[in-house]
>>> print(open('data-v4.cif').read())   # mmCIF, C-alpha atoms and all ligand atoms
data_work
loop_
_atom_site.label_atom_id
_atom_site.label_comp_id
_atom_site.auth_asym_id
_atom_site.auth_seq_id
_atom_site.Cartn_x
_atom_site.Cartn_y
_atom_site.Cartn_z
CA MET A 1 52.88 70.83 -14.13
CA GLN A 2 54.80 68.02 -15.86
CA THR A 3 52.53 65.20 -17.08
CA VAL A 4 53.04 61.62 -15.90
CA ASN A 5 53.96 60.54 -19.44
CA GLY A 6 56.34 63.49 -19.71
CA PHE A 7 58.00 62.49 -16.43
CA PHE A 8 58.72 58.97 -17.69
CA GLN A 9 59.59 59.99 -21.24
CA ALA A 10 62.14 62.44 -19.81
CA SER A 11 63.54 59.72 -17.52
CA ALA A 12 63.63 56.98 -20.17
CA GLY A 13 66.61 58.46 -21.99
CA LYS A 14 68.69 58.67 -18.81
CA SER A 15 69.43 55.20 -17.57
CA SER A 16 70.12 55.14 -13.81
CA PHE A 17 73.68 55.19 -12.48
CA ILE A 18 73.14 51.71 -11.00
CA ARG A 19 72.01 50.41 -14.39
CA LYS A 20 74.96 52.06 -16.12
CA MET A 21 77.41 50.42 -13.75
CA PHE A 22 75.65 47.10 -14.19
CA GLU A 23 76.08 47.36 -17.96
CA LYS A 24 79.70 48.48 -17.56
CA GLY A 25 80.27 45.45 -15.30
CA LEU A 26 78.89 43.06 -17.92
CA GLU A 27 81.19 44.61 -20.53
CA LEU A 28 84.28 44.35 -18.29
CA LYS A 29 83.46 40.78 -17.23
CA ALA A 30 83.04 39.73 -20.87
CA ARG A 31 86.42 41.31 -21.75
CA PHE A 32 88.55 40.37 -18.77
CA GLY A 33 86.67 37.45 -17.13
CA GLU A 34 84.34 37.34 -14.09
CA ASP A 35 87.22 37.12 -11.62
CA ALA A 36 88.95 40.23 -12.89
CA VAL A 37 86.08 42.55 -11.88
CA CYS A 38 85.14 43.60 -8.32
CA ASP A 39 81.48 44.49 -8.64
CA PHE A 40 80.08 46.47 -5.69
CA SER A 41 77.34 48.10 -7.75
CA LEU A 42 74.25 45.95 -7.23
CA GLY A 43 72.22 45.06 -4.12
CA ASN A 44 71.31 41.57 -5.34
CA PRO A 45 71.66 39.35 -2.25
CA ASP A 46 74.09 36.51 -2.96
CA VAL A 47 74.08 34.73 0.44
CA PRO A 48 71.99 31.53 0.04
CA PRO A 49 68.46 31.45 1.45
CA PRO A 50 68.07 29.59 4.78
CA ALA A 51 68.48 25.81 4.35
CA ALA A 52 64.81 25.29 5.27
CA ALA A 53 63.80 26.96 1.99
CA GLY A 54 64.74 23.81 0.06
CA ALA A 55 62.55 21.53 2.20
CA VAL A 56 59.60 23.93 1.90
CA LEU A 57 60.00 24.09 -1.88
CA HIS A 58 60.03 20.28 -2.06
CA ARG A 59 56.80 20.18 -0.08
CA LEU A 60 55.28 22.83 -2.35
CA ALA A 61 56.37 20.78 -5.38
CA ASP A 62 54.58 17.74 -3.96
CA GLU A 63 51.45 19.82 -3.50
CA ALA A 64 51.63 21.43 -6.96
CA ALA A 65 49.39 18.83 -8.60
CA ARG A 66 46.46 19.81 -6.38
CA PRO A 67 43.72 21.86 -8.07
CA LEU A 68 44.39 25.61 -7.80
CA ALA A 69 47.77 25.05 -6.09
CA LEU A 70 49.20 27.49 -8.62
CA GLY A 71 45.99 29.40 -9.33
CA TYR A 72 44.97 32.98 -8.55
CA CYS A 73 44.63 33.74 -4.88
CA PRO A 74 42.70 36.55 -3.15
CA ASN A 75 44.12 39.95 -4.18
CA ALA A 76 45.22 40.66 -0.61
CA GLY A 77 47.19 37.41 -0.42
CA ILE A 78 46.63 33.82 0.71
CA PRO A 79 44.63 34.08 3.98
CA SER A 80 46.94 31.72 5.94
CA VAL A 81 49.98 33.65 4.65
CA ARG A 82 48.48 36.99 5.72
CA GLU A 83 47.93 35.44 9.15
CA ALA A 84 51.51 34.17 9.39
CA ILE A 85 52.97 37.50 8.25
CA ALA A 86 50.69 39.39 10.67
CA ALA A 87 51.96 37.21 13.54
CA HIS A 88 55.56 37.81 12.43
CA LEU A 89 55.05 41.58 12.13
CA SER A 90 53.25 41.72 15.50
CA LYS A 91 56.51 40.60 17.11
CA GLU A 92 58.69 42.93 15.04
CA GLN A 93 56.38 45.90 15.48
CA GLN A 94 55.39 45.20 19.09
CA LEU A 95 51.75 45.81 18.22
CA ALA A 96 49.04 43.19 17.69
CA LEU A 97 48.23 42.95 13.99
CA ASN A 98 45.88 40.48 12.37
CA ALA A 99 45.56 39.18 8.83
CA ASP A 100 43.19 42.03 7.86
CA ASP A 101 45.91 44.59 8.56
CA VAL A 102 48.36 43.05 6.06
CA VAL A 103 48.31 43.01 2.25
CA MET A 104 50.76 40.75 0.40
CA THR A 105 52.48 42.58 -2.48
CA VAL A 106 54.93 42.09 -5.31
CA GLY A 107 57.98 42.97 -3.24
CA ALA A 108 58.48 46.15 -1.25
CA ALA A 109 58.51 47.88 -4.63
CA GLY A 110 54.95 46.71 -5.32
CA ALA A 111 53.92 47.84 -1.83
CA LEU A 112 55.30 51.35 -2.48
CA VAL A 113 53.56 51.60 -5.86
CA CYS A 114 50.23 50.43 -4.35
CA PHE A 115 50.54 52.91 -1.48
CA PHE A 116 51.19 55.83 -3.85
CA ARG A 117 48.31 54.77 -6.14
CA ALA A 118 46.01 54.57 -3.13
CA THR A 119 46.94 57.93 -1.61
CA LEU A 120 48.39 60.42 -4.11
CA GLU A 121 46.68 63.02 -6.29
CA PRO A 122 48.76 64.59 -9.07
CA GLY A 123 51.02 67.26 -7.57
CA ASP A 124 51.00 65.70 -4.10
CA GLU A 125 54.38 65.61 -2.41
CA VAL A 126 56.35 62.80 -0.79
CA ILE A 127 59.24 63.81 1.44
CA VAL A 128 62.30 61.58 1.63
CA PRO A 129 65.48 62.13 3.66
CA SER A 130 68.38 62.12 1.20
CA PRO A 131 70.47 60.29 0.13
CA TYR A 132 67.73 57.84 -0.79
CA PHE A 133 66.76 54.78 -2.87
CA VAL A 134 66.32 56.45 -6.22
CA GLU A 135 63.34 54.39 -7.41
CA TYR A 136 61.08 56.23 -4.94
CA GLY A 137 60.85 59.12 -7.43
CA ASN A 138 59.67 56.79 -10.20
CA TYR A 139 57.21 54.96 -7.96
CA CYS A 140 55.37 58.11 -6.93
CA GLY A 141 55.92 59.69 -10.37
CA HIS A 142 53.54 57.10 -11.87
CA PHE A 143 50.67 58.94 -10.23
CA GLY A 144 51.90 62.51 -10.65
CA GLY A 145 53.41 62.52 -7.16
CA VAL A 146 56.49 64.67 -6.61
CA LEU A 147 59.39 63.36 -4.52
CA LYS A 148 60.92 66.05 -2.29
CA PRO A 149 64.36 65.01 -1.05
CA VAL A 150 65.39 66.68 2.23
CA PRO A 151 69.11 66.31 3.05
CA THR A 152 70.01 64.42 6.21
CA LYS A 153 72.71 65.76 8.55
CA ASP A 154 76.41 65.01 7.92
CA ASP A 155 76.11 61.78 9.93
CA PHE A 156 73.02 60.86 7.83
CA SER A 157 70.67 61.23 10.79
CA LEU A 158 67.29 62.91 10.20
CA ASP A 159 67.27 66.70 9.99
CA LEU A 160 63.89 67.19 11.65
CA ASP A 161 63.90 70.98 11.31
CA ALA A 162 64.48 70.62 7.57
CA ILE A 163 61.72 68.01 7.32
CA ALA A 164 59.32 70.28 9.24
CA ALA A 165 60.17 73.15 6.90
CA ALA A 166 59.56 70.94 3.83
CA ILE A 167 55.99 69.99 4.82
CA THR A 168 53.34 71.80 2.75
CA PRO A 169 49.57 71.33 2.39
CA LYS A 170 50.41 68.99 -0.52
CA THR A 171 52.56 66.62 1.57
CA ARG A 172 51.00 63.16 1.77
CA ALA A 173 53.84 61.00 3.02
CA ILE A 174 57.30 61.00 4.53
CA ILE A 175 59.40 57.94 3.66
CA VAL A 176 61.77 56.56 6.26
CA ASN A 177 64.03 53.72 5.19
CA SER A 178 65.88 52.22 8.13
CA PRO A 179 68.28 50.40 7.97
CA ASN A 180 69.02 52.69 5.07
CA ASN A 181 69.99 52.14 1.48
CA PRO A 182 72.50 53.67 0.66
CA THR A 183 73.96 54.85 4.00
CA GLY A 184 73.48 51.83 6.30
CA VAL A 185 72.20 54.18 9.01
CA ILE A 186 69.55 53.02 11.52
CA TYR A 187 67.39 55.88 12.81
CA SER A 188 67.20 56.10 16.59
CA ARG A 189 64.03 55.79 18.64
CA GLU A 190 64.38 59.45 19.68
CA GLU A 191 64.63 60.69 16.09
CA LEU A 192 61.58 58.68 15.10
CA PHE A 193 59.57 59.85 18.13
CA ARG A 194 60.35 63.42 17.16
CA LEU A 195 59.35 62.74 13.56
CA PHE A 196 56.02 61.28 14.65
CA ALA A 197 55.39 64.16 17.06
CA LEU A 198 55.82 66.48 14.09
CA VAL A 199 53.45 64.43 11.93
CA GLU A 200 50.80 64.11 14.66
CA ALA A 201 50.86 67.88 15.21
CA GLU A 202 50.53 68.44 11.46
CA ASN A 203 47.70 65.91 11.13
CA ALA A 204 45.74 67.50 13.96
CA ARG A 205 45.15 70.50 11.71
CA ARG A 206 44.47 68.92 8.33
CA GLU A 207 41.84 66.76 6.71
CA LYS A 208 44.05 64.38 4.71
CA PRO A 209 46.76 62.97 6.97
CA VAL A 210 50.48 62.81 6.30
CA PHE A 211 51.61 59.18 6.55
CA VAL A 212 55.03 57.96 7.59
CA LEU A 213 55.90 55.20 5.20
CA SER A 214 58.46 52.95 6.85
CA ASP A 215 60.31 51.01 4.16
CA GLU A 216 61.94 48.10 6.00
CA PRO A 217 63.35 45.47 3.62
CA TYR A 218 66.66 45.56 5.54
CA ARG A 219 65.16 45.29 9.05
CA ALA A 220 67.06 42.10 9.95
CA PHE A 221 70.42 43.58 8.93
CA ALA A 222 71.45 45.30 12.17
CA PHE A 223 74.97 44.92 13.55
CA ASP A 224 77.05 45.78 16.62
CA GLY A 225 73.98 45.22 18.82
CA ALA A 226 71.99 47.93 17.04
CA VAL A 227 68.20 47.76 17.37
CA VAL A 228 65.81 48.85 14.63
CA PRO A 229 62.99 50.60 16.51
CA ALA A 230 59.40 49.47 15.89
CA VAL A 231 57.46 52.40 14.42
CA MET A 232 53.89 51.14 14.58
CA PRO A 233 53.43 51.73 18.33
CA MET A 234 54.61 55.33 17.77
CA SER A 235 51.65 56.46 15.68
CA PRO A 236 48.55 55.21 13.81
CA PHE A 237 49.94 57.03 10.77
CA ALA A 238 52.94 54.68 10.56
CA VAL A 239 52.49 52.41 7.53
CA VAL A 240 55.06 49.61 7.40
CA LEU A 241 56.19 47.83 4.27
CA GLY A 242 58.93 45.38 3.53
CA SER A 243 59.81 42.20 1.74
CA PHE A 244 61.74 38.96 1.89
CA SER A 245 64.07 39.96 -0.96
CA LYS A 246 67.04 40.63 1.29
CA THR A 247 66.29 38.87 4.60
CA LEU A 248 65.61 35.52 2.89
CA SER A 249 67.62 36.17 -0.33
CA MET A 250 64.51 35.69 -2.45
CA ALA A 251 64.53 38.96 -4.38
CA GLY A 252 63.52 37.26 -7.63
CA GLU A 253 60.43 35.73 -6.03
CA ARG A 254 58.93 39.20 -5.55
CA VAL A 255 57.15 38.82 -2.21
CA GLY A 256 56.53 41.76 0.07
CA TYR A 257 53.81 43.22 2.25
CA ILE A 258 52.28 46.42 3.49
CA ALA A 259 50.78 46.70 6.98
CA VAL A 260 48.39 49.35 8.24
CA SER A 261 47.84 50.07 11.93
CA PRO A 262 44.54 48.66 13.27
CA LYS A 263 44.09 52.06 14.95
CA LEU A 264 44.13 53.78 11.56
CA SER A 265 41.73 51.18 10.10
CA LYS A 266 39.35 51.83 12.98
CA ALA A 267 39.50 55.57 12.31
CA ASP A 268 39.16 55.36 8.49
CA GLY A 269 36.70 52.44 8.43
CA GLY A 270 39.30 50.23 6.68
CA THR A 271 39.45 52.50 3.62
CA LEU A 272 43.24 52.49 3.24
CA VAL A 273 43.51 48.69 3.48
CA SER A 274 40.62 48.06 1.07
CA THR A 275 42.03 50.61 -1.40
CA LEU A 276 45.45 48.92 -1.22
CA ILE A 277 43.82 45.55 -1.97
CA LEU A 278 41.89 47.02 -4.89
CA VAL A 279 44.89 48.75 -6.47
CA ASN A 280 47.06 45.65 -6.01
CA ARG A 281 44.56 44.05 -8.41
CA THR A 282 43.94 46.92 -10.79
CA LEU A 283 47.59 47.91 -11.24
CA GLY A 284 47.91 44.48 -12.79
CA PHE A 285 49.80 42.78 -9.96
CA VAL A 286 46.55 40.83 -9.23
CA ASN A 287 48.23 39.00 -6.34
CA ALA A 288 51.73 38.40 -5.01
CA PRO A 289 53.27 35.16 -6.45
CA VAL A 290 51.68 32.23 -4.64
CA LEU A 291 54.70 29.95 -4.29
CA GLY A 292 56.77 32.82 -2.98
CA GLN A 293 54.04 33.75 -0.49
CA ARG A 294 53.92 30.19 0.86
CA LEU A 295 57.70 29.96 1.03
CA ALA A 296 58.03 33.30 2.84
CA ALA A 297 55.27 32.45 5.32
CA ALA A 298 56.91 29.12 6.18
CA ILE A 299 60.35 30.57 6.92
CA CYS A 300 59.72 34.24 7.77
CA ALA A 301 61.07 33.75 11.30
CA GLU A 302 64.48 32.88 9.81
CA THR A 303 67.06 35.00 8.02
CA VAL A 304 70.01 34.45 5.76
CA ASP A 305 73.35 34.07 7.53
CA LEU A 306 73.83 37.59 8.91
CA ALA A 307 77.31 36.72 10.24
CA THR A 308 78.51 36.50 6.61
CA TYR A 309 77.29 40.04 5.98
CA ASP A 310 78.88 41.24 9.20
CA ARG A 311 82.27 39.75 8.23
CA ARG A 312 82.05 41.49 4.86
CA ARG A 313 81.15 44.77 6.56
CA ARG A 314 84.20 44.58 8.80
CA LEU A 315 86.48 43.62 5.93
CA MET A 316 85.19 46.43 3.71
CA ALA A 317 85.74 48.88 6.60
CA GLU A 318 89.36 47.69 6.83
CA VAL A 319 89.92 47.94 3.08
CA LEU A 320 88.48 51.48 2.94
CA SER A 321 90.41 52.65 6.02
CA ASP A 322 93.66 51.27 4.60
CA ALA A 323 93.01 53.18 1.39
CA GLY A 324 92.43 56.40 3.39
CA ILE A 325 88.77 56.62 2.36
CA GLU A 326 86.48 58.35 4.90
CA PHE A 327 83.21 56.65 5.82
CA ILE A 328 80.63 56.30 8.58
CA MET A 329 80.57 52.68 9.74
CA PRO A 330 77.17 51.31 8.65
CA LYS A 331 75.16 49.79 11.50
CA GLY A 332 72.67 48.17 9.17
CA ALA A 333 71.80 46.95 5.65
CA PHE A 334 74.77 45.92 3.51
CA TYR A 335 76.01 49.13 1.94
CA PHE A 336 78.79 51.64 2.53
CA PHE A 337 78.39 55.28 1.50
CA PRO A 338 81.93 56.69 1.84
CA LYS A 339 83.16 60.10 0.81
CA ALA A 340 84.74 60.24 -2.64
CA PRO A 341 88.40 61.20 -2.19
CA GLY A 342 88.96 64.41 -4.15
CA GLY A 343 85.27 65.30 -3.68
CA ASP A 344 84.05 64.38 -7.18
CA ASP A 345 82.08 61.13 -7.05
CA LEU A 346 81.90 60.73 -10.84
CA ALA A 347 85.67 61.15 -11.17
CA PHE A 348 86.31 58.67 -8.35
CA VAL A 349 83.92 56.10 -9.84
CA ASP A 350 85.85 56.45 -13.12
CA ALA A 351 89.17 55.98 -11.31
CA LEU A 352 87.75 52.83 -9.67
CA LEU A 353 86.51 51.59 -13.04
CA ALA A 354 90.06 51.84 -14.37
CA GLU A 355 90.91 49.38 -11.56
CA ARG A 356 87.94 47.19 -12.60
CA ILE A 357 86.10 48.08 -9.39
CA LEU A 358 82.43 48.97 -9.84
CA ALA A 359 80.78 51.47 -7.49
CA VAL A 360 77.77 53.77 -7.89
CA PRO A 361 78.18 57.57 -7.67
CA GLY A 362 76.36 59.19 -4.74
CA SER A 363 74.80 61.57 -7.28
CA GLY A 364 72.56 58.63 -8.21
CA PHE A 365 71.18 58.68 -4.64
CA GLY A 366 70.79 62.43 -4.35
CA ARG A 367 74.10 63.10 -2.53
CA ALA A 368 77.11 63.96 -4.69
CA GLY A 369 80.63 63.64 -3.26
CA HIS A 370 80.04 60.06 -2.06
CA ILE A 371 79.96 56.60 -3.61
CA ARG A 372 77.83 53.58 -2.76
CA LEU A 373 79.38 50.15 -2.34
CA SER A 374 77.21 47.07 -1.96
CA CYS A 375 78.61 44.19 0.10
CA SER A 376 76.49 41.57 -1.60
CA VAL A 377 79.71 39.95 -2.83
CA ASP A 378 82.11 37.38 -1.45
CA GLU A 379 84.84 38.41 1.02
CA ARG A 380 87.50 37.33 -1.48
CA ILE A 381 86.30 40.02 -3.88
CA ILE A 382 86.39 42.68 -1.17
CA ALA A 383 89.95 41.64 -0.25
CA ARG A 384 90.99 41.54 -3.90
CA ALA A 385 89.82 45.14 -4.40
CA ALA A 386 92.11 46.52 -1.65
CA ASP A 387 95.02 47.55 -3.89
CA GLY A 388 92.71 48.91 -6.57
CA PHE A 389 91.04 51.22 -4.02
CA LYS A 390 94.48 52.53 -2.97
CA ARG A 391 95.58 53.17 -6.56
CA ALA A 392 92.28 54.90 -7.40
CA VAL A 393 92.66 57.21 -4.38
CA ALA A 394 96.24 58.04 -5.39
CA ASN A 395 95.04 58.68 -8.90
CA VAL A 396 92.26 61.18 -8.06
CA CYS A 397 94.32 62.90 -5.37
CA ALA A 398 97.23 63.40 -7.79
CA LYS A 399 95.01 65.40 -10.19
N1 LIG B 401 63.30 49.80 -0.76
C1 LIG B 401 64.63 49.85 -0.72
C2 LIG B 401 65.28 50.84 0.18
C3 LIG B 401 65.42 49.00 -1.50
O1 LIG B 401 66.76 49.07 -1.43
C4 LIG B 401 64.76 48.07 -2.36
C5 LIG B 401 65.54 47.20 -3.23
O2 LIG B 401 66.75 47.25 -3.35
C6 LIG B 401 63.36 48.06 -2.36
C7 LIG B 401 62.66 48.93 -1.56
C8 LIG B 401 62.60 47.12 -3.24
O3 LIG B 401 62.81 45.81 -2.84
P1 LIG B 401 61.92 44.57 -3.30
O4 LIG B 401 60.87 45.09 -4.22
O5 LIG B 401 62.83 43.61 -3.95
O6 LIG B 401 61.33 44.05 -2.06
#
>>> encode(input="data-v4.cif", output="structure tokens")
Amino acid sequence: MQTVNGFFQASAGKSSFIRKMFEKGLELKARFGEDAVCDFSLGNPDVPPPAAAGAVLHRLADEAARPLALGYCPNAGIPSVREAIAAHLSKEQQLALNADDVVMTVGAAGALVCFFRATLEPGDEVIVPSPYFVEYGNYCGHFGGVLKPVPTKDDFSLDLDAIAAAITPKTRAIIVNSPNNPTGVIYSREELFRLFALVEAENARREKPVFVLSDEPYRAFAFDGAVVPAVMPMSPFAVVLGSFSKTLSMAGERVGYIAVSPKLSKADGGTLVSTLILVNRTLGFVNAPVLGQRLAAAICAETVDLATYDRRRRLMAEVLSDAGIEFIMPKGAFYFFPKAPGGDDLAFVDALLAERILAVPGSGFGRAGHIRLSCSVDERIIARAADGFKRAVANVCAK
């Protein structure tokens, strides 16, 4: 079996496709100017946080001179913040949660790392429907976990037969990320019910359960009347995590959470929650940033202006259609995952680069033949890219 060090040493030489495009973007912007580059590579939310964030930060600034205002807090998070987030999640998840069910983390990323530390033994497997957010492999790789991508269907819905066939005695978790990065798909209630039925049947015959890890940082981004189903009422094995990186545009503040069903805590005597709290400390996170926790708790009922994202989504759909690029209209998140004309995603990304348009090859998400475009950019940039998309399509199709 590959060692954990070996896993990371092997990965260190290969920078991710997203990183490569980011670096390419910096180079192009330095050469041709910011305005000459249409950068759809990164998911860094650019829509301003809700206006209330400013007032909260002023209040926090006034309180900063108090003793311990900026000091360590309990490893699980500030008690009043855990309470506020539990109340918020109780509405979202349609299940009564209290502060003890929620651990504040360093973003959704920190929540994933804590979960894998708390549950994985080396060689344990984590199933993920692909295409998928590529960092999952690194997060479970820290602890010798092995990510097992299972392709979704052509419309990016869950292939439940394939997931069932991928489960082995070593499976410890199945990740569902809905709304999805990179496809923008929202899994239906029926799909999720079927997934949980599968997991419950599996768990009835094993000692260590398989968890369904619901990664929900894009929950608020649902369009055309789409609803993101609540997973917690579906099973005690549903563990929900998320963050305020995207919904409140505070990605740099690194505030997220992980919530465990009270039914599971009753059954395991609170072991999962207390292990998550312990590893949040011992992994060196210690606690989620305190100012960010207070800010998120004060405004968690709000979101950034979703209408801006919806306008961008519609405009990008128009631009891609006009260029003859095939795609499934995303119902959620802020990404498009269209087919690469000509079939070769690396070649199409290169053709786009020649037009100073930055996209990420689908190969970087475990699905070649597609590209990912992030709509965390102004509408003017999307409109400006229209001709470049057309020329790039003509270019790859001529070859
Ligand atoms: N999960 C998914 C699917 C993501 O796209 C991201 C970030 O882009 C994360 C988790 C991590 O988000 P954060 O740690 O900023 O909350």
>>> residues_near_ligand(input="data-v4.cif", ligand="ligand LIG 401 (chain B)", cutoff="6 Å", atoms="only C-alpha atoms and all ligand atoms", output="short mmCIF file (atom, residue, chain, number, x, y, z; two decimals) with C-alpha atoms, in the frame of the given file")
data_model
loop_
_atom_site.label_atom_id
_atom_site.label_comp_id
_atom_site.auth_asym_id
_atom_site.auth_seq_id
_atom_site.Cartn_x
_atom_site.Cartn_y
_atom_site.Cartn_z
CA GLY A 43 72.22 45.06 -4.12
CA GLY A 107 57.98 42.97 -3.24
CA ALA A 108 58.48 46.15 -1.25
CA ALA A 109 58.51 47.88 -4.63
CA PHE A 133 66.76 54.78 -2.87
CA ASN A 177 64.03 53.72 5.19
CA ASN A 181 69.99 52.14 1.48
CA ASP A 215 60.31 51.01 4.16
CA SER A 243 59.81 42.20 1.74
CA SER A 245 64.07 39.96 -0.96
CA ALA A 251 64.53 38.96 -4.38
CA GLY A 256 56.53 41.76 0.07
#
>>> closest_residue(input="data-v4.cif", among="A:Tyr139, A:Phe244, A:Phe40, A:Tyr132", to="Arg312 in chain A", atoms="all atoms listed in the file")
A:Phe40
>>> residues_around(input="data-v4.cif", residues="range 384-395 of chain A", least_positions_apart="3", cutoff="7 Å", atoms="only C-alpha atoms", output="list in words")
Cys38, Val319, Ala323, Pro341, Ala351, Leu352, Glu355, Ile357, Arg380, Ile381, Ala398 and Lys399 of chain A
>>> atom_distance(input="data-v4.cif", atom1="CA of Tyr309 in chain A", atom2="CA of Asp224 in chain A")
12.1 Å
>>> atom_distance(input="data-v4.cif", atom1="CA of Val106 in chain A", atom2="CA of Ala230 in chain A")
22.9 Å
>>> closest_atom_pairs(input="data-v4.cif", of="range 331-389 of chain A", to="range 14-27 of chain A", cutoff="12 Å", atoms="all atoms listed in the file", output="CSV")
residue,atom,partner,partner_atom,distance
A:Asp345,CA,A:Phe17,CA,11.6
A:Leu346,CA,A:Phe17,CA,10.0
A:Val349,CA,A:Met21,CA,9.5
A:Asp350,CA,A:Met21,CA,10.4
A:Leu352,CA,A:Met21,CA,11.4
A:Leu353,CA,A:Lys24,CA,8.7
A:Ala354,CA,A:Lys24,CA,11.3
A:Glu355,CA,A:Gly25,CA,11.9
A:Arg356,CA,A:Gly25,CA,8.3
A:Ile357,CA,A:Gly25,CA,8.7
A:Leu358,CA,A:Met21,CA,6.5
A:Ala359,CA,A:Met21,CA,7.2
A:Val360,CA,A:Ile18,CA,5.9
A:Pro361,CA,A:Phe17,CA,7.0
A:Gly362,CA,A:Phe17,CA,9.1
A:Ser363,CA,A:Phe17,CA,8.3
A:Gly364,CA,A:Phe17,CA,5.6
A:Phe365,CA,A:Phe17,CA,8.9
A:Gly366,CA,A:Phe17,CA,11.3
A:Ile371,CA,A:Phe17,CA,11.0
A:Arg372,CA,A:Ile18,CA,9.7
A:Leu373,CA,A:Ile18,CA,10.8
A:Ser374,CA,A:Ile18,CA,10.9
>>> decode(input="data-v4.cif", residues="range 148-160 of chain A", atoms="N, CA, C and O atoms", output="short mmCIF file (atom, residue, chain, number, x, y, z; two decimals), in the first residue's frame")
data_model
loop_
_atom_site.label_atom_id
_atom_site.label_comp_id
_atom_site.auth_asym_id
_atom_site.auth_seq_id
_atom_site.Cartn_x
_atom_site.Cartn_y
_atom_site.Cartn_z
N LYS A 148 -12.50 6.71 -3.99
CA LYS A 148 -12.95 5.84 -5.09
C LYS A 148 -14.00 6.57 -5.91
O LYS A 148 -15.18 6.59 -5.54
N PRO A 149 -13.61 7.23 -6.99
CA PRO A 149 -14.60 7.92 -7.82
C PRO A 149 -15.50 6.92 -8.55
O PRO A 149 -15.01 5.92 -9.06
N VAL A 150 -16.79 7.18 -8.55
CA VAL A 150 -17.76 6.34 -9.27
C VAL A 150 -18.49 7.26 -10.25
O VAL A 150 -19.17 8.21 -9.81
N PRO A 151 -18.34 7.02 -11.56
CA PRO A 151 -18.94 7.96 -12.52
C PRO A 151 -20.46 8.12 -12.34
O PRO A 151 -21.16 7.14 -12.07
N THR A 152 -20.91 9.36 -12.47
CA THR A 152 -22.35 9.62 -12.50
C THR A 152 -22.86 9.27 -13.90
O THR A 152 -22.08 8.98 -14.81
N LYS A 153 -24.20 9.34 -14.07
CA LYS A 153 -24.77 9.09 -15.40
C LYS A 153 -24.46 10.27 -16.32
O LYS A 153 -23.92 11.29 -15.86
N ASP A 154 -24.86 10.16 -17.59
CA ASP A 154 -24.55 11.23 -18.56
C ASP A 154 -25.13 12.58 -18.13
O ASP A 154 -24.59 13.63 -18.46
N ASP A 155 -26.27 12.55 -17.41
CA ASP A 155 -26.86 13.82 -16.96
C ASP A 155 -26.33 14.22 -15.58
O ASP A 155 -26.88 15.10 -14.94
N PHE A 156 -25.28 13.55 -15.13
CA PHE A 156 -24.60 13.80 -13.85
C PHE A 156 -25.45 13.43 -12.63
O PHE A 156 -25.15 13.84 -11.51
N SER A 157 -26.53 12.68 -12.85
CA SER A 157 -27.29 12.19 -11.69
C SER A 157 -26.55 10.96 -11.14
O SER A 157 -25.67 10.39 -11.78
N LEU A 158 -26.93 10.56 -9.91
CA LEU A 158 -26.22 9.46 -9.24
C LEU A 158 -26.50 8.14 -9.94
O LEU A 158 -27.65 7.83 -10.26
N ASP A 159 -25.44 7.36 -10.15
CA ASP A 159 -25.61 6.00 -10.68
C ASP A 159 -25.61 5.07 -9.47
O ASP A 159 -24.55 4.62 -9.00
N LEU A 160 -26.81 4.79 -8.96
CA LEU A 160 -26.90 4.07 -7.68
C LEU A 160 -26.46 2.62 -7.80
O LEU A 160 -25.90 2.07 -6.84
#
